[in-house]
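Here's protein22.cif, which has mmCIF, C-alpha atoms:
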data_model
loop_
_atom_site.label_atom_id
_atom_site.label_comp_id
_atom_site.auth_asym_id
_atom_site.auth_seq_id
_atom_site.Cartn_x
_atom_site.Cartn_y
_atom_site.Cartn_z
CA MET V 158 8.13 -82.48 162.33
CA GLY V 159 5.56 -85.05 161.24
CA LYS V 160 2.71 -86.52 163.20
CA PHE V 161 3.33 -88.48 166.37
CA ASP V 162 1.07 -90.75 168.38
CA PHE V 163 1.61 -92.78 171.53
CA ARG V 164 1.14 -96.11 169.74
CA THR V 165 4.15 -95.69 167.49
CA GLY V 166 6.19 -93.88 170.12
CA ASN V 167 5.64 -96.59 172.71
CA LEU V 168 6.39 -99.36 170.24
CA ARG V 169 9.64 -97.63 169.33
CA LYS V 170 10.50 -97.42 173.02
CA LEU V 171 9.92 -101.14 173.56
CA LEU V 172 11.98 -102.09 170.51
CA SER V 173 14.85 -99.90 171.75
CA ALA V 174 15.23 -101.84 175.02
CA PRO V 175 18.64 -103.30 174.03
CA MET V 176 19.96 -99.81 173.27
CA TYR V 177 18.73 -98.52 176.62
CA ALA V 178 20.50 -101.40 178.36
CA ALA V 179 23.74 -100.70 176.49
CA GLY V 180 23.50 -96.99 177.26
CA TYR V 181 22.92 -97.69 180.95
CA ALA V 182 25.97 -99.96 181.11
CA ALA V 183 28.18 -97.44 179.31
CA THR V 184 27.15 -94.47 181.43
CA ARG V 185 28.05 -96.43 184.57
CA VAL V 186 31.72 -96.18 183.62
CA ILE V 187 31.88 -92.91 181.64
CA PRO V 188 32.76 -90.10 184.08
CA ARG V 189 30.55 -87.02 184.01
CA ASP V 190 32.18 -83.60 183.94
CA ASN V 191 30.66 -81.10 186.40
CA ARG V 192 31.41 -78.26 184.00
CA ARG V 193 29.52 -79.75 181.07
CA TRP V 194 25.87 -78.96 180.32
CA ALA V 195 23.93 -80.45 177.38
CA PHE V 196 20.76 -78.86 176.00
CA GLY V 197 18.02 -80.18 173.76
CA GLN V 198 14.51 -79.13 172.76
CA ALA V 199 12.11 -81.07 170.55
CA THR V 200 10.79 -77.91 168.90
CA GLY V 201 14.18 -76.53 167.96
CA VAL V 202 16.49 -73.85 169.28
CA GLY V 203 14.44 -71.46 171.36
CA ALA V 204 12.04 -70.82 174.22
CA GLY V 205 12.83 -72.28 177.65
CA ALA V 206 15.95 -74.24 176.85
CA LEU V 207 17.53 -71.35 174.95
CA ALA V 208 16.71 -68.90 177.76
CA LEU V 209 18.42 -71.26 180.21
CA TYR V 210 21.39 -71.72 177.88
CA ASP V 211 21.86 -67.96 177.59
CA GLU V 212 21.66 -67.51 181.38
CA VAL V 213 24.24 -70.24 181.99
CA ARG V 214 26.61 -68.73 179.42
CA ARG V 215 26.12 -65.28 180.96
CA SER V 216 26.51 -66.25 184.61
CA ALA V 217 29.13 -68.99 184.21
CA PRO V 218 31.11 -68.38 181.00
CA GLY V 219 33.56 -71.17 181.85
CA MET V 220 30.92 -73.85 181.48
CA ARG V 221 31.21 -76.18 178.46
CA THR V 222 27.78 -76.15 176.85
CA VAL V 223 26.51 -78.03 173.81
CA TRP V 224 23.18 -78.19 171.96
CA LEU V 225 21.96 -81.52 170.60
CA VAL V 226 19.94 -81.60 167.36
CA ASP V 227 18.49 -84.09 164.89
CA ASN V 228 17.83 -81.96 161.80
CA GLN V 229 19.73 -79.62 159.53
CA ALA V 230 17.57 -76.56 160.25
CA ASP V 231 18.34 -76.70 163.98
CA PHE V 232 22.00 -77.43 163.25
CA ASP V 233 22.24 -74.33 161.05
CA ASP V 234 20.34 -72.27 163.64
CA CYS V 235 22.88 -73.19 166.30
CA ARG V 236 25.74 -72.28 164.00
CA ARG V 237 24.18 -68.87 163.30
CA ARG V 238 23.85 -68.23 167.02
CA GLY V 239 27.40 -69.35 167.77
CA ILE V 240 26.22 -72.34 169.82
CA ALA V 241 28.36 -75.48 169.93
CA VAL V 242 26.18 -78.13 168.28
CA VAL V 243 26.29 -81.92 167.91
CA TRP V 244 24.04 -84.41 166.12
CA LYS V 245 22.36 -86.16 169.02
CA ASN V 246 21.74 -89.58 167.45
CA THR V 247 25.41 -90.24 166.77
CA VAL V 248 28.29 -91.66 168.78
CA ARG V 249 29.44 -88.11 169.46
CA GLY V 250 25.94 -87.14 170.55
CA PHE V 251 25.89 -90.06 172.97
CA TRP V 252 29.34 -89.12 174.27
CA GLN V 253 28.43 -85.47 174.83
CA THR V 254 25.26 -86.47 176.69
CA ALA V 255 27.05 -89.13 178.74
CA ARG V 256 29.80 -86.70 179.76
CA SER V 257 27.52 -83.82 180.76
CA ARG V 258 26.68 -83.39 184.43
CA VAL V 259 23.49 -81.48 183.57
CA VAL V 260 21.16 -82.41 180.72
CA VAL V 261 18.34 -79.93 179.98
CA VAL V 262 15.24 -81.12 178.10
CA THR V 263 11.77 -79.73 177.41
CA HIS V 264 9.77 -82.70 176.16
CA GLY V 265 11.50 -86.00 176.84
CA PHE V 266 14.90 -87.62 177.18
CA GLY V 267 14.99 -87.88 173.39
CA ASP V 268 15.62 -84.13 173.25
CA ALA V 269 19.19 -85.17 174.05
CA ASN V 270 20.65 -88.61 173.27
CA ARG V 271 18.12 -90.74 175.13
CA PHE V 272 20.61 -93.56 175.71
CA GLY V 273 23.19 -91.31 177.35
CA VAL V 274 21.11 -89.60 180.06
CA PHE V 275 21.47 -92.29 182.76
CA GLY V 276 23.20 -90.79 185.79
CA ALA V 277 22.96 -87.17 184.63
CA PHE V 278 21.23 -84.43 186.59
CA ILE V 279 18.26 -84.09 184.24
CA VAL V 280 16.43 -80.77 184.24
CA GLN V 281 12.97 -81.13 182.74
CA LEU V 282 11.64 -77.69 181.78
CA TRP V 283 8.56 -79.14 180.07
CA HIS V 284 6.67 -76.89 177.65
CA GLY V 285 3.77 -75.37 179.51
CA THR V 286 1.29 -76.03 182.28
CA PRO V 287 -1.07 -78.90 181.40
CA LEU V 288 -4.86 -78.86 181.29
CA LYS V 289 -5.03 -82.31 179.67
CA LEU V 290 -3.86 -85.37 181.60
CA LEU V 291 -0.20 -86.27 181.19
CA HIS V 292 1.62 -89.59 180.93
CA LEU V 293 0.72 -91.83 183.88
CA ASP V 294 -2.46 -89.85 184.55
CA SER V 295 -3.90 -90.48 181.08
CA PRO V 296 -5.18 -93.73 179.55
CA ALA V 297 -4.06 -92.48 176.13
CA THR V 298 -0.40 -92.79 177.06
CA MET V 299 -0.38 -96.58 177.31
CA HIS V 300 -1.43 -97.32 173.72
CA VAL V 301 1.01 -99.50 171.76
CA THR V 302 -0.60 -100.82 168.54
CA ALA V 303 -2.15 -104.29 168.94
CA LEU V 304 0.16 -105.13 171.84
CA GLU V 305 -1.88 -103.01 174.25
CA ARG V 306 -4.31 -105.94 174.53
CA PHE V 307 -1.67 -107.77 176.56
CA SER V 308 -1.55 -106.53 180.15
CA PRO V 309 2.16 -107.40 180.65
CA VAL V 310 3.03 -104.98 177.83
CA VAL V 311 0.99 -102.18 179.38
CA ARG V 312 2.50 -102.94 182.78
CA LEU V 313 5.99 -102.78 181.25
CA LEU V 314 5.19 -99.42 179.70
CA ARG V 315 3.91 -97.99 182.97
CA GLU V 316 7.06 -99.18 184.70
CA SER V 317 9.23 -97.55 182.04
CA TYR V 318 7.42 -94.22 182.46
CA THR V 319 7.77 -94.48 186.24
CA ARG V 320 11.48 -95.29 186.01
CA ALA V 321 11.98 -92.35 183.68
CA GLY V 322 10.35 -90.04 186.22
CA LYS V 323 12.78 -91.21 188.90
CA GLN V 324 15.72 -90.16 186.70
CA ILE V 325 14.68 -86.50 186.68
CA GLY V 326 16.78 -84.38 188.98
CA MET V 327 14.60 -81.29 188.79
CA PHE V 328 11.23 -80.72 187.15
CA VAL V 329 10.42 -77.04 186.67
CA ALA V 330 6.89 -75.83 187.42
CA ALA V 331 5.24 -72.43 187.00
CA SER V 332 3.05 -72.79 190.10
CA ASP V 333 1.95 -75.13 192.86
CA GLU V 334 -1.07 -76.09 190.74
CA ALA V 335 1.20 -77.11 187.87
CA ALA V 336 3.56 -78.92 190.25
CA SER V 337 0.78 -81.15 191.57
CA ARG V 338 -0.06 -82.24 188.02
CA PHE V 339 3.53 -83.00 187.12
CA LYS V 340 3.98 -85.04 190.30
CA THR V 341 1.17 -87.44 189.46
CA GLY V 342 1.76 -87.47 185.71
CA PHE V 343 5.44 -88.37 186.06
CA ALA V 344 5.39 -90.16 189.44
CA LEU V 345 7.65 -87.53 190.98
CA ARG V 346 8.57 -87.00 194.61
CA ASP V 347 7.92 -83.58 196.12
CA ASP V 348 11.63 -82.80 196.19
CA GLN V 349 12.01 -83.42 192.46
CA VAL V 350 9.76 -80.47 191.55
CA ALA V 351 10.85 -76.84 191.80
CA VAL V 352 8.29 -74.03 191.60
CA THR V 353 10.57 -71.42 190.07
CA GLY V 354 8.36 -70.17 187.28
CA ASP V 355 8.68 -71.23 183.64
CA PRO V 356 11.65 -69.66 181.79
CA ARG V 357 9.48 -69.45 178.67
CA MET V 358 7.27 -66.93 180.45
CA ASP V 359 9.93 -64.31 181.13
CA ARG V 360 9.34 -62.72 177.73
CA LEU V 361 5.62 -62.27 178.54
CA CYS V 362 5.95 -60.81 182.03
CA HIS V 363 5.66 -57.33 180.50
CA ALA V 364 3.26 -58.22 177.67
CA ASP V 365 1.62 -54.77 177.83
CA SER V 366 4.93 -53.00 177.34
CA PRO V 367 4.91 -51.15 174.00
CA ALA V 368 8.36 -52.54 173.22
CA VAL V 369 7.33 -56.16 173.87
CA ARG V 370 4.17 -55.76 171.80
CA HIS V 371 6.00 -54.01 168.97
CA ASP V 372 8.61 -56.77 168.75
CA ALA V 373 5.95 -59.47 168.59
CA GLU V 374 3.86 -57.57 166.05
CA SER V 375 6.88 -56.96 163.84
CA ARG V 376 7.70 -60.66 163.95
CA LEU V 377 4.17 -61.56 162.85
CA VAL V 378 4.02 -58.94 160.10
CA ASP V 379 7.31 -60.16 158.64
CA THR V 380 6.53 -63.86 159.04
CA LEU V 381 2.99 -63.68 157.66
CA GLY V 382 3.92 -61.39 154.78
CA LEU V 383 1.63 -58.54 155.83
CA GLU V 384 2.11 -54.90 154.93
CA ALA V 385 1.28 -53.68 158.43
CA VAL V 386 -0.40 -54.62 161.67
CA PRO V 387 -4.16 -54.84 160.96
CA ARG V 388 -6.22 -52.09 162.56
CA GLY V 389 -8.28 -54.61 164.54
CA GLY V 390 -5.23 -56.57 165.63
CA PHE V 391 -4.52 -60.29 165.66
CA LEU V 392 -6.62 -63.24 166.74
CA MET V 393 -4.99 -66.63 167.20
CA TYR V 394 -6.50 -70.09 167.01
CA ALA V 395 -4.20 -72.60 168.72
CA PRO V 396 -5.74 -76.04 169.34
CA THR V 397 -4.10 -78.83 171.30
CA TRP V 398 -2.59 -82.05 170.05
CA ARG V 399 -5.16 -84.84 169.75
CA ASP V 400 -2.76 -87.76 170.07
CA GLY V 401 -2.21 -88.08 166.34
CA ALA V 402 -5.79 -87.34 165.23
CA ASP V 403 -6.93 -84.27 163.29
CA ASN V 404 -8.94 -81.54 164.97
CA PRO V 405 -12.73 -81.89 164.54
CA LYS V 406 -14.06 -80.27 161.37
CA THR V 407 -16.54 -77.77 162.74
CA LEU V 408 -16.38 -74.89 160.27
CA SER V 409 -19.42 -75.03 157.98
CA GLY V 410 -19.84 -73.15 154.74
CA ALA V 411 -22.10 -70.59 156.40
CA GLY V 412 -19.81 -70.38 159.40
CA ARG V 413 -16.85 -69.81 157.12
CA ALA V 414 -18.61 -66.93 155.42
CA ARG V 415 -19.59 -65.44 158.77
CA LEU V 416 -16.03 -65.70 160.03
CA GLU V 417 -14.63 -64.07 156.89
CA SER V 418 -17.22 -61.30 157.20
CA TYR V 419 -16.30 -60.63 160.81
CA LEU V 420 -12.59 -60.50 160.03
CA ALA V 421 -13.19 -58.05 157.18
CA ARG V 422 -15.51 -55.78 159.20
CA SER V 423 -13.15 -55.64 162.17
CA ASP V 424 -10.00 -55.42 160.01
CA THR V 425 -8.59 -58.39 161.92
CA VAL V 426 -6.28 -61.23 160.93
CA LEU V 427 -6.85 -64.73 162.32
CA ILE V 428 -3.62 -66.67 162.83
CA VAL V 429 -3.99 -70.46 162.75
CA ARG V 430 -1.36 -72.23 164.80
CA SER V 431 -2.10 -75.94 164.64
CA HIS V 432 -0.10 -78.14 166.99
CA ARG V 433 3.19 -79.22 165.45
CA LEU V 434 2.21 -82.91 165.82
CA GLY V 435 -1.26 -82.58 164.28
CA SER V 436 -3.24 -80.75 161.62
CA ASP V 437 -6.49 -78.84 161.31
CA PRO V 438 -8.88 -79.73 158.47
CA ASN V 439 -10.98 -76.64 159.21
CA PHE V 440 -8.41 -74.39 157.59
CA VAL V 441 -6.55 -76.56 155.11
CA ASP V 442 -8.60 -75.32 152.20
CA GLU V 443 -7.93 -73.25 149.10
CA ALA V 444 -10.97 -71.12 149.94
CA PHE V 445 -8.87 -69.34 152.55
CA GLU V 446 -6.01 -68.44 150.24
CA GLY V 447 -5.45 -64.70 150.19
CA SER V 448 -7.93 -64.14 152.96
CA ARG V 449 -7.54 -62.77 156.47
CA VAL V 450 -6.72 -66.25 157.77
CA ARG V 451 -3.00 -66.90 157.92
CA PHE V 452 -1.07 -69.99 158.95
CA LEU V 453 1.84 -69.79 161.38
CA PRO V 454 3.94 -72.95 160.96
CA GLU V 455 6.50 -74.08 163.51
CA THR V 456 9.16 -73.81 160.83
CA GLU V 457 8.76 -70.03 161.06
CA VAL V 458 8.11 -69.61 164.79
CA LYS V 459 9.42 -72.45 166.97
CA ASP V 460 7.45 -71.62 170.10
CA VAL V 461 4.18 -69.73 169.91
CA ILE V 462 5.07 -67.85 173.08
CA GLU V 463 7.45 -65.78 170.97
CA VAL V 464 4.51 -63.94 169.35
CA LEU V 465 1.74 -64.12 171.96
CA GLY V 466 2.52 -60.56 172.99
CA ALA V 467 0.93 -59.39 169.72
CA VAL V 468 -2.26 -61.46 170.04
CA ASP V 469 -5.42 -59.64 171.16
CA VAL V 470 -7.72 -62.65 171.54
CA LEU V 471 -6.80 -66.31 171.87
CA ILE V 472 -9.10 -69.10 170.66
CA THR V 473 -8.19 -72.51 172.01
CA ASP V 474 -9.52 -75.75 173.47
CA TYR V 475 -7.51 -77.80 175.98
CA SER V 476 -4.07 -76.52 175.04
CA ALA V 477 -1.43 -75.39 177.53
CA VAL V 478 -1.22 -72.17 175.53
CA VAL V 479 -4.15 -70.92 177.61
CA PHE V 480 -1.83 -70.67 180.63
CA ASP V 481 0.91 -68.99 178.61
CA PHE V 482 -1.50 -66.44 177.18
CA SER V 483 -3.00 -65.73 180.60
CA ALA V 484 0.12 -63.65 181.32
CA THR V 485 -1.22 -61.03 178.89
CA GLY V 486 -4.54 -60.64 180.72
CA ARG V 487 -6.36 -60.51 177.37
CA PRO V 488 -9.58 -62.32 176.38
CA ILE V 489 -9.68 -66.05 175.68
CA ILE V 490 -12.47 -67.81 173.77
CA PHE V 491 -12.71 -71.53 174.44
CA LEU V 492 -13.73 -73.81 171.57
CA ALA V 493 -14.41 -77.42 172.61
CA PRO V 494 -16.34 -79.29 169.90
CA ASP V 495 -15.28 -82.73 171.14
CA LEU V 496 -15.30 -82.21 174.91
CA GLU V 497 -17.03 -85.47 175.80
CA LYS V 498 -14.83 -87.58 173.54
CA TYR V 499 -11.59 -85.83 174.47
CA SER V 500 -12.35 -86.02 178.19
CA ARG V 501 -13.00 -89.74 177.87
CA LEU V 502 -10.01 -90.66 175.70
CA ARG V 503 -7.35 -88.27 177.03
CA GLY V 504 -8.81 -86.68 180.15
CA LEU V 505 -8.49 -83.28 181.83
CA TYR V 506 -7.13 -82.25 185.21
CA GLU V 507 -10.29 -80.37 186.10
CA ASP V 508 -13.85 -80.01 184.98
CA TYR V 509 -13.90 -77.99 181.77
CA GLY V 510 -17.12 -76.21 182.60
CA ALA V 511 -15.72 -75.06 185.93
CA PHE V 512 -12.39 -74.05 184.38
CA THR V 513 -14.03 -71.94 181.68
CA GLY V 514 -16.74 -70.54 183.92
CA GLY V 515 -19.28 -72.45 181.85
CA ASP V 516 -18.59 -70.23 178.85
CA TYR V 517 -17.21 -72.19 175.89
CA ALA V 518 -18.12 -72.57 172.24
CA THR V 519 -18.70 -75.84 170.40
CA THR V 520 -18.71 -74.53 166.82
CA TRP V 521 -17.03 -71.74 164.91
CA ASP V 522 -20.42 -70.04 164.60
CA ASP V 523 -20.41 -69.84 168.41
CA VAL V 524 -16.90 -68.39 168.31
CA VAL V 525 -17.92 -65.61 165.93
CA VAL V 526 -20.91 -64.76 168.15
CA ARG V 527 -18.54 -64.36 171.10
CA LEU V 528 -16.14 -62.25 169.05
CA GLU V 529 -18.94 -59.93 167.98
CA LYS V 530 -19.98 -59.42 171.61
CA LEU V 531 -16.44 -58.85 172.83
CA ASP V 532 -16.59 -55.20 173.82
CA GLY V 533 -17.40 -53.20 176.91
CA ALA V 534 -18.64 -55.30 179.83
CA GLU V 535 -18.21 -58.60 177.95
CA GLU V 536 -14.59 -57.84 177.22
CA GLU V 537 -13.93 -56.95 180.85
CA ARG V 538 -15.54 -60.20 182.03
CA ALA V 539 -13.35 -62.14 179.62
CA LYS V 540 -10.24 -60.34 180.86
CA ALA V 541 -11.21 -61.02 184.48
CA ARG V 542 -11.43 -64.72 183.71
CA THR V 543 -7.99 -64.62 182.12
CA ARG V 544 -6.56 -62.83 185.16
CA GLY V 545 -8.09 -65.51 187.37
CA ILE V 546 -6.30 -68.22 185.37
CA ARG V 547 -3.05 -66.29 185.63
CA SER V 548 -3.30 -65.90 189.40
CA ARG V 549 -3.80 -69.66 189.82
CA PHE V 550 -1.15 -70.90 187.43
CA GLN V 551 1.65 -68.28 187.36
CA ALA V 552 3.46 -67.97 190.69
CA PHE V 553 5.85 -65.29 189.42
CA ASP V 554 5.52 -62.37 187.02
CA ASP V 555 8.82 -60.57 187.62
CA GLY V 556 10.75 -61.85 184.61
CA GLY V 557 13.18 -63.76 186.83
CA ASN V 558 12.11 -67.35 186.17
CA THR V 559 15.21 -68.30 184.18
CA ARG V 560 17.55 -66.95 186.84
CA ARG V 561 15.65 -68.82 189.56
CA VAL V 562 15.93 -72.08 187.62
CA VAL V 563 19.71 -71.72 187.21
CA ASP V 564 20.12 -70.77 190.87
CA GLU V 565 18.07 -73.78 191.97
CA ILE V 566 20.05 -76.17 189.79
CA ARG V 567 23.28 -74.91 191.32
CA ARG V 568 21.85 -75.17 194.82
CA ARG V 569 20.82 -78.77 194.24
CA LEU V 570 24.16 -79.72 192.73
CA GLY V 571 25.95 -78.17 195.71
#

Could you write out this structure as structure tokens?
Amino acid sequence: MGKFDFRTGNLRKLLSAPMYAAGYAATRVIPRDNRRWAFGQATGVGAGALALYDEVRRSAPGMRTVWLVDNQADFDDCRRRGIAVVWKNTVRGFWQTARSRVVVVTHGFGDANRFGVFGAFIVQLWHGTPLKLLHLDSPATMHVTALERFSPVVRLLRESYTRAGKQIGMFVAASDEAASRFKTGFALRDDQVAVTGDPRMDRLCHADSPAVRHDAESRLVDTLGLEAVPRGGFLMYAPTWRDGADNPKTLSGAGRARLESYLARSDTVLIVRSHRLGSDPNFVDEAFEGSRVRFLPETEVKDVIEVLGAVDVLITDYSAVVFDFSATGRPIIFLAPDLEKYSRLRGLYEDYGAFTGGDYATTWDDVVVRLEKLDGAEEERAKARTRGIRSRFQAFDDGGNTRRVVDEIRRRLG
């Protein structure tokens, strides 16, 4: 998937107003079938939506389920898995969405056919607990090219986001802390949010299990083209999306050499997982070819949570991956080179210094220093911080999140 920013996305939404109106009118007369469920996920076939799909098929085999896609790779993936699949931006995609009683999404209504969701019981799984401000909470959301200078346009956008929030039948949250952020970001009522745990997290509830770790390591070895798991293990750098902008270039020539030296000495591989909607100029460079820095594109691994069980240390900034990784209890190094700018333009739900315990890097040189010190007491302090994040933001660790979500949907539908 290419880059996305709110300016182009919001403009597209405004220009699609006639289609939304037509979809609303059509769904008023098209009857929904209580035994139909439609699934969609912006990042492809996997993670939370797939876990929910599998649980529905297991517990209610008579349900008519369909997956909605917009690209050939996802279409072929569904076919390989034996999943009924439909192109979402077609008449048939609209019909399947409009006929389904339950529509499951992970990013937005466009995961399904966005014009056919009116009147459905929409289950929003989202894709992680947020640290950065979301939607109505963030000033970045209301950008729409030059039109944002006109207050009526911004007001119309805010109203559209608010109306969209009212359409959601159930918004899944991993914890009370996450629920409070979703409520303000999407203008949700208390009864719209269900603290069931995130289905994506079920695979990490036993991250220290040898079997879980082995599966994740094998996936990385195969995907990255390695001969074996490196003796020092895997590090992962996973920055957040910067609303269409590149990540700050903070890796100097000397810092690059120091990083390479550390990776060689420790026999470690650094996995770079840039956000699917952005890019990272720090690592797009021929100088890293053949080195211990490897790229992990979304085309190979749809959701990073699939391989987090193999990661020994996470390096990140304001990304929701910090909450996912907290389930492992392993060290996290925070790298925030643009904290002041990002806080001003996008915003965070809590003070970054307080969240990180005042311990965060601003350059890659700082990151390497922290990696070199990460043993003994320093490692235990880092793990304790991770456990603290987990206790705040993960209400459940029993591997039953997916089942709870399905049970809650059925309870709400009656």

Result set, the PyMOL selection byres ((chain V and resi 291) around 8) on current file, as an mmCIF file with C-alpha atoms, in the frame of the given file:
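Listed below is the output, expr15.cif:
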data_model
loop_
_atom_site.group_PDB
_atom_site.id
_atom_site.type_symbol
_atom_site.label_atom_id
_atom_site.label_comp_id
_atom_site.auth_asym_id
_atom_site.auth_seq_id
_atom_site.Cartn_x
_atom_site.Cartn_y
_atom_site.Cartn_z
ATOM 1 C CA PRO V 287 -1.070 -78.900 181.400
ATOM 2 C CA LYS V 289 -5.030 -82.310 179.670
ATOM 3 C CA LEU V 290 -3.860 -85.370 181.600
ATOM 4 C CA HIS V 292 1.620 -89.590 180.930
ATOM 5 C CA LEU V 293 0.720 -91.830 183.880
ATOM 6 C CA ASP V 294 -2.460 -89.850 184.550
ATOM 7 C CA SER V 295 -3.900 -90.480 181.080
ATOM 8 C CA THR V 298 -0.400 -92.790 177.060
ATOM 9 C CA ARG V 338 -0.060 -82.240 188.020
ATOM 10 C CA PHE V 339 3.530 -83.000 187.120
ATOM 11 C CA GLY V 342 1.760 -87.470 185.710
ATOM 12 C CA PHE V 343 5.440 -88.370 186.060
#

Within 12 Å of file point (-18.9, -63.1, 171.0), counting all atoms listed in the file, expressed as a ChimeraX atom specification
/V:416,419,470,472,488-492,516-518,521-536,538-539

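Take atom CA of Leu496 of chain V and atom CA of Phe480 of chain V: the distance between them is 18.6 Å.
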
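Taking only C-alpha atoms into account, Lys540 of chain V lies nearest to V:Thr485 out of the set V:Glu497, V:Thr485, V:Asp564, V:Leu345.
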
Can you give me, as a PyMOL selection string, the residues this file yields under the PyMOL selection byres ((chain V and resi 251-264) around 8)?
chain V and resi 184+187-199+205-206+223+245-250+265-270+272-275+277-284

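Coordinates place atom CA of Ser337 of chain V at a distance of 21.0 Å from atom CA of Thr543 of chain V.
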
Applied to the shown file, which residues does the PyMOL selection byres ((chain V and resi 232) around 12) return, written as a PyMOL selection string?
chain V and resi 197+201-202+223-231+233-245

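Taking atom CA of Ser216 of chain V and atom CA of Pro356 of chain V as the two end points, the separation is 15.5 Å.
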
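Remark: for Asp348 of chain V, the closest of the candidate residues V:Arg569, V:Thr319, V:Leu361, V:Leu392 is V:Arg569 (distances computed over all atoms listed in the file).
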
From the coordinates supplied, segment 522-561 of chain V should be written with C-alpha atoms, as a CSV table (one decimal), in the first residue's frame.
chain,number,residue,atom,x,y,z
V,522,ASP,CA,23.9,7.0,18.9
V,523,ASP,CA,21.8,7.2,22.0
V,524,VAL,CA,20.0,4.0,21.1
V,525,VAL,CA,23.3,2.1,20.7
V,526,VAL,CA,24.5,3.4,24.1
V,527,ARG,CA,21.3,2.0,25.6
V,528,LEU,CA,21.8,-1.3,23.8
V,529,GLU,CA,25.4,-1.6,25.1
V,530,LYS,CA,24.2,-1.1,28.7
V,531,LEU,CA,21.3,-3.5,28.4
V,532,ASP,CA,22.5,-6.3,30.7
V,533,GLY,CA,22.1,-7.1,34.4
V,534,ALA,CA,20.4,-4.4,36.4
V,535,GLU,CA,19.7,-2.2,33.4
V,536,GLU,CA,18.0,-5.0,31.6
V,537,GLU,CA,15.8,-5.8,34.6
V,538,ARG,CA,14.8,-2.1,34.9
V,539,ALA,CA,13.8,-2.1,31.3
V,540,LYS,CA,11.8,-5.2,31.7
V,541,ALA,CA,10.1,-3.8,34.8
V,542,ARG,CA,9.0,-0.8,32.8
V,543,THR,CA,7.6,-3.0,30.1
V,544,ARG,CA,5.7,-5.0,32.6
V,545,GLY,CA,4.3,-1.8,34.0
V,546,ILE,CA,3.0,-0.8,30.5
V,547,ARG,CA,1.4,-4.3,30.2
V,548,SER,CA,-0.4,-4.1,33.5
V,549,ARG,CA,-1.9,-0.7,32.5
V,550,PHE,CA,-2.9,-1.5,29.0
V,551,GLN,CA,-3.7,-5.3,28.8
V,552,ALA,CA,-6.7,-6.3,30.9
V,553,PHE,CA,-6.4,-10.0,29.9
V,554,ASP,CA,-3.5,-12.3,29.3
V,555,ASP,CA,-5.4,-15.7,29.1
V,556,GLY,CA,-5.5,-16.1,25.3
V,557,GLY,CA,-9.3,-15.8,25.3
V,558,ASN,CA,-9.8,-12.3,23.8
V,559,THR,CA,-11.2,-13.6,20.5
V,560,ARG,CA,-13.7,-15.8,22.2
V,561,ARG,CA,-14.8,-12.9,24.5
